[in-house]
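Step one of this worksheet: look at the structure below.
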Amino acid sequence: MIKEQIQQLSKDIFDDVVANRRHLHSHPELSFEETKTSAFIAGKLDALGLKYERMADNGLVALIKGEKPSDNRVLALRADMDALPITEANNVPYKSQNVGVMHACGHDAHTSSLLGTAKILTDLKSHFGGTVKLIFQPAEEKLPGGASLMIKEGVLENPKPQAVLGQHVMPLIDAGKVGFRAGKYMASTDEIYVTVRGKGGHGAQPQQNIDPVIITAHMLTALQQVVSRFADPKSPSVLSFGKVIANGATNVIPNEVYLEGTFRTMDEKWRADAHIKMKKMAEGLVESMGGTVDFNIMKGYPFLINEEKLTMATRSHAEDYLGKENVLDLDIWMAAEDFAYYSQVADSCFYRLGTRNESRGITSSVHTPTFDVDEDAFKISSGLMAYLAVKQLGN
Ligand SMILES: [Zn+2]
Ligand SMILES: [Zn+2]
């Protein structure tokens, strides 16, 4: 049976997956700079005898063709490879050797796991039908996102996959378990950059100034109405401003106030409407108070939707592979992920790989200097993906 074969191979390659992850972890590279990471992956694909194509500079795409007669389905598996500008605070043997850069989002785990899946599927290619497309993608963490570039360069063509699967580490879930959510799962994200201009002066003479601080206070409060009054309460929206700089003094009103924020939602039409509403509201309000405003929105990733039928099928295959008790349901997650670009154009399923281990102190969230993964997660990460692939290909 193919399940037992995958489980056995998964045990055989465990040490390799750990070693590859540790190598990648100690040699992290920032988004769009993953040249050594890309060369490392290329070397591993060469060793498996897999040909690959380069895309978006550091991205790699390879095919594994099953040899059993089939209806020629194609399924894509995606892993990302970039690290973050964070200085690692863990004291581990595989600590980042590139100071100031860290695999704090687990993309080292995704890449090493997909290399493991590639090994399993290559060994088993006489036992399944259909084609697996491996996507090693750069630059998930930085706009415009490696996924959007690879799609532009044709990663979802020749051959065109009927579905795309991706897995991402999740430190809220124990190692050994995975999580799924059908339907809308992660948010679109847009960055907002605002400058409110007035006329600065002595704090004792407000009548001679146009106070951009007070104007900004009104604008910030008013903008929340976009979320609380205009947004459909059935669909989530978040507007947060984490940076507000009014660099005056107790008795100095500054000329301008600078703000940065984020807008997140799960509906592309509403997202576009909200951009117009926020800009209009800010401009109208600031002008009515005598100031001027530059309200700039930098569009980020779209929202991520897990196609219902594919996700339900994949979830049940995961139950079959791991046991029902190890497959959990996920909540909506208002973070963003460039896998969303695949989900906007192809049936997709993005699921979570548990990496938490409280007894080993592995609980930190992603994007923090103490983030780590429990390597026990690699006992299932490669094998599960291989199993999901062969099942989805109709075997
Ligand atoms: Zn991340
Ligand atoms: Zn990530």
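Scheme for the structure tokens: letters A, B, ... for chains in order shown; per-chain residue numbers from 1; ligand numbers from 1 in order shown.
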
Inset, instruction - Quick one: pick out all helix (DSSP H, G or I) residues within stretch 135-302 of chain A from a backbone DSSP run and write them as a ChimeraX atom specification. - result: /A:146-152,206-208,212-230,268-288

Mind dumping a table of every chain A residue within 9 Å of ligand 1, with the nearest atom pair and its distance in Å to one decimal, using only C-alpha atoms and all ligand atoms, sorted by chain and rising number, as a tab-separated table?
residue	atom	partner	partner_atom_place_in_ligand_line	distance
A:Asp82	CA	ligand 1	1 (Zn)	9.0
A:Ala83	CA	ligand 1	1 (Zn)	8.1
A:Leu84	CA	ligand 1	1 (Zn)	7.6
A:His103	CA	ligand 1	1 (Zn)	9.0
A:Ala104	CA	ligand 1	1 (Zn)	7.2
A:Cys105	CA	ligand 1	1 (Zn)	4.5
A:Gly106	CA	ligand 1	1 (Zn)	7.8
A:His107	CA	ligand 1	1 (Zn)	8.0
A:Glu140	CA	ligand 1	1 (Zn)	7.4
A:Glu141	CA	ligand 1	1 (Zn)	5.7
A:Ala335	CA	ligand 1	1 (Zn)	8.9
A:Ala336	CA	ligand 1	1 (Zn)	8.4
A:Glu337	CA	ligand 1	1 (Zn)	7.4
A:Val366	CA	ligand 1	1 (Zn)	6.6
A:His367	CA	ligand 1	1 (Zn)	6.2

Legend entry - DSSP-assigned strand (DSSP E or B) members of stretch 175-336 of chain A, reported as a ChimeraX atom specification: /A:178-180,183-186,188-197,199,201-202,210,237-245,249,252-253,256-265,292-299,304-306,327-329,333

Inset, instruction - Would you please work out which residue, of A:Gly300, A:Leu353, A:Leu121, A:Met150, is nearest to ligand 2 when using only C-alpha atoms and all ligand atoms? - result: A:Leu353

Legend entry - Spatial neighbours of stretch 179-188 of chain A, max dist 9 Å, only C-alpha atoms, sep filter under 3 positions, as a VMD selection string: chain A and resid 170 173 236 to 237 263 to 268 271 299 to 312 314 to 315 326 to 337 340 349 to 354

Would you save the residues of that selection, restricted to C-alpha atoms, as a PDB file, in the first residue's frame?
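Contents of selection.pdb, as written:
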ATOM      1  CA  MET A 170       2.154  26.978  13.097  1.00  0.00           C
ATOM      2  CA  ILE A 173      -0.372  23.652  17.119  1.00  0.00           C
ATOM      3  CA  PRO A 236     -13.741  40.765   8.712  1.00  0.00           C
ATOM      4  CA  SER A 237     -11.873  44.066   8.266  1.00  0.00           C
ATOM      5  CA  PHE A 263      -5.700  47.570   6.245  1.00  0.00           C
ATOM      6  CA  ARG A 264      -6.765  43.924   6.054  1.00  0.00           C
ATOM      7  CA  THR A 265      -9.886  42.243   4.782  1.00  0.00           C
ATOM      8  CA  MET A 266     -11.212  39.199   2.912  1.00  0.00           C
ATOM      9  CA  ASP A 267     -13.180  40.592  -0.021  1.00  0.00           C
ATOM     10  CA  GLU A 268     -11.511  42.123  -3.073  1.00  0.00           C
ATOM     11  CA  ARG A 271     -11.036  46.158  -0.348  1.00  0.00           C
ATOM     12  CA  LYS A 299      -1.458  47.361  -2.197  1.00  0.00           C
ATOM     13  CA  GLY A 300      -0.117  44.115  -0.781  1.00  0.00           C
ATOM     14  CA  TYR A 301      -1.230  40.503  -1.112  1.00  0.00           C
ATOM     15  CA  PRO A 302      -4.838  39.508  -1.850  1.00  0.00           C
ATOM     16  CA  PHE A 303      -6.863  37.416   0.620  1.00  0.00           C
ATOM     17  CA  LEU A 304      -6.230  33.679   0.732  1.00  0.00           C
ATOM     18  CA  ILE A 305      -9.075  31.299   0.010  1.00  0.00           C
ATOM     19  CA  ASN A 306      -8.883  27.547   0.409  1.00  0.00           C
ATOM     20  CA  GLU A 307     -11.104  25.989  -2.239  1.00  0.00           C
ATOM     21  CA  GLU A 308     -13.847  24.088  -0.373  1.00  0.00           C
ATOM     22  CA  LYS A 309     -13.932  20.770  -2.241  1.00  0.00           C
ATOM     23  CA  LEU A 310     -10.158  20.462  -2.525  1.00  0.00           C
ATOM     24  CA  THR A 311      -9.663  21.385   1.136  1.00  0.00           C
ATOM     25  CA  MET A 312     -12.289  18.955   2.415  1.00  0.00           C
ATOM     26  CA  THR A 314      -7.234  17.040   1.407  1.00  0.00           C
ATOM     27  CA  ARG A 315      -8.348  17.226   5.026  1.00  0.00           C
ATOM     28  CA  ASN A 326      -4.186  14.811  14.646  1.00  0.00           C
ATOM     29  CA  VAL A 327      -6.143  16.943  12.171  1.00  0.00           C
ATOM     30  CA  LEU A 328      -7.593  20.177  13.548  1.00  0.00           C
ATOM     31  CA  ASP A 329      -9.812  22.992  12.286  1.00  0.00           C
ATOM     32  CA  LEU A 330      -8.265  26.437  11.970  1.00  0.00           C
ATOM     33  CA  ASP A 331      -9.716  29.857  12.724  1.00  0.00           C
ATOM     34  CA  ILE A 332      -9.569  32.762  10.314  1.00  0.00           C
ATOM     35  CA  TRP A 333      -6.101  34.358  10.520  1.00  0.00           C
ATOM     36  CA  MET A 334      -5.805  38.080   9.701  1.00  0.00           C
ATOM     37  CA  ALA A 335      -2.146  37.819   8.726  1.00  0.00           C
ATOM     38  CA  ALA A 336      -1.282  37.727   5.024  1.00  0.00           C
ATOM     39  CA  GLU A 337       0.667  35.275   2.866  1.00  0.00           C
ATOM     40  CA  ALA A 340      -2.949  33.923  -1.710  1.00  0.00           C
ATOM     41  CA  CYS A 349      -5.243  24.540  -0.127  1.00  0.00           C
ATOM     42  CA  PHE A 350      -2.894  26.117   2.404  1.00  0.00           C
ATOM     43  CA  TYR A 351      -2.692  24.086   5.587  1.00  0.00           C
ATOM     44  CA  ARG A 352      -0.754  24.400   8.842  1.00  0.00           C
ATOM     45  CA  LEU A 353       1.950  22.126  10.167  1.00  0.00           C
ATOM     46  CA  GLY A 354       2.087  22.042  13.978  1.00  0.00           C
TER      47      GLY A 354
END

Find the spatial neighbours of A:Ala147, counting only C-alpha atoms, within a cut-off of 9 Å - ignore same-chain residues fewer than 5 positions away - and output them as a JSON list (two decimals) with N, CA, C and O atoms, in the first residue's frame.
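Below is the file result_7.json, written as the result:
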[["chain", "number", "residue", "atom", "x", "y", "z"],
["A", 56, "ALA", "N", 11.68, 33.88, -11.48],
["A", 56, "ALA", "CA", 11.77, 34.95, -10.49],
["A", 56, "ALA", "C", 13.15, 34.93, -9.82],
["A", 56, "ALA", "O", 13.25, 34.98, -8.59],
["A", 80, "ASP", "N", 8.19, 28.07, 0.34],
["A", 80, "ASP", "CA", 8.91, 29.35, 0.22],
["A", 80, "ASP", "C", 10.28, 29.21, 0.88],
["A", 80, "ASP", "O", 10.53, 28.25, 1.62],
["A", 137, "GLN", "N", 9.76, 28.69, -3.98],
["A", 137, "GLN", "CA", 9.46, 30.09, -4.27],
["A", 137, "GLN", "C", 10.26, 31.05, -3.40],
["A", 137, "GLN", "O", 10.31, 30.88, -2.18],
["A", 138, "PRO", "N", 10.85, 32.08, -4.00],
["A", 138, "PRO", "CA", 11.56, 33.09, -3.21],
["A", 138, "PRO", "C", 10.60, 34.17, -2.68],
["A", 138, "PRO", "O", 9.43, 34.22, -3.08],
["A", 139, "ALA", "N", 11.10, 34.99, -1.79],
["A", 139, "ALA", "CA", 10.51, 36.30, -1.48],
["A", 139, "ALA", "C", 9.04, 36.31, -1.08],
["A", 139, "ALA", "O", 8.25, 37.09, -1.59],
["A", 140, "GLU", "N", 8.68, 35.44, -0.14],
["A", 140, "GLU", "CA", 7.30, 35.49, 0.36],
["A", 140, "GLU", "C", 7.09, 36.71, 1.23],
["A", 140, "GLU", "O", 5.99, 37.25, 1.29],
["A", 152, "LYS", "N", 3.39, 35.31, -12.92],
["A", 152, "LYS", "CA", 3.60, 36.10, -14.15],
["A", 152, "LYS", "C", 4.55, 35.39, -15.11],
["A", 152, "LYS", "O", 4.41, 35.48, -16.32],
["A", 155, "VAL", "N", 4.49, 29.95, -13.83],
["A", 155, "VAL", "CA", 4.66, 28.75, -13.00],
["A", 155, "VAL", "C", 3.40, 27.88, -12.99],
["A", 155, "VAL", "O", 3.49, 26.67, -12.79],
["A", 338, "ASP", "N", 1.69, 35.33, 0.66],
["A", 338, "ASP", "CA", 1.60, 35.49, -0.80],
["A", 338, "ASP", "C", 1.13, 34.23, -1.51],
["A", 338, "ASP", "O", 0.85, 34.25, -2.71],
["A", 339, "PHE", "N", 0.97, 33.12, -0.78],
["A", 339, "PHE", "CA", 0.30, 31.93, -1.34],
["A", 339, "PHE", "C", -1.09, 32.32, -1.85],
["A", 339, "PHE", "O", -1.65, 31.68, -2.74],
["A", 340, "ALA", "N", -1.64, 33.41, -1.28],
["A", 340, "ALA", "CA", -2.95, 33.92, -1.71],
["A", 340, "ALA", "C", -3.02, 34.14, -3.22],
["A", 340, "ALA", "O", -4.07, 33.95, -3.83],
["A", 341, "TYR", "N", -1.90, 34.52, -3.84],
["A", 341, "TYR", "CA", -1.91, 34.74, -5.30],
["A", 341, "TYR", "C", -2.25, 33.45, -6.05],
["A", 341, "TYR", "O", -2.98, 33.49, -7.03],
["A", 342, "TYR", "N", -1.70, 32.31, -5.58],
["A", 342, "TYR", "CA", -2.08, 31.04, -6.22],
["A", 342, "TYR", "C", -3.58, 30.81, -6.01],
["A", 342, "TYR", "O", -4.27, 30.39, -6.92]]

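If only C-alpha atoms and all ligand atoms are the atoms counted, then among A:Ile13, A:Met81, A:Leu259, A:Leu30 the closest residue to ligand 2 is A:Met81.
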
Legend entry - Option closest in space to A:Gly66, from A:Ser126, A:Ser240, A:Thr221, A:Thr355 [counting only C-alpha atoms]: A:Ser126
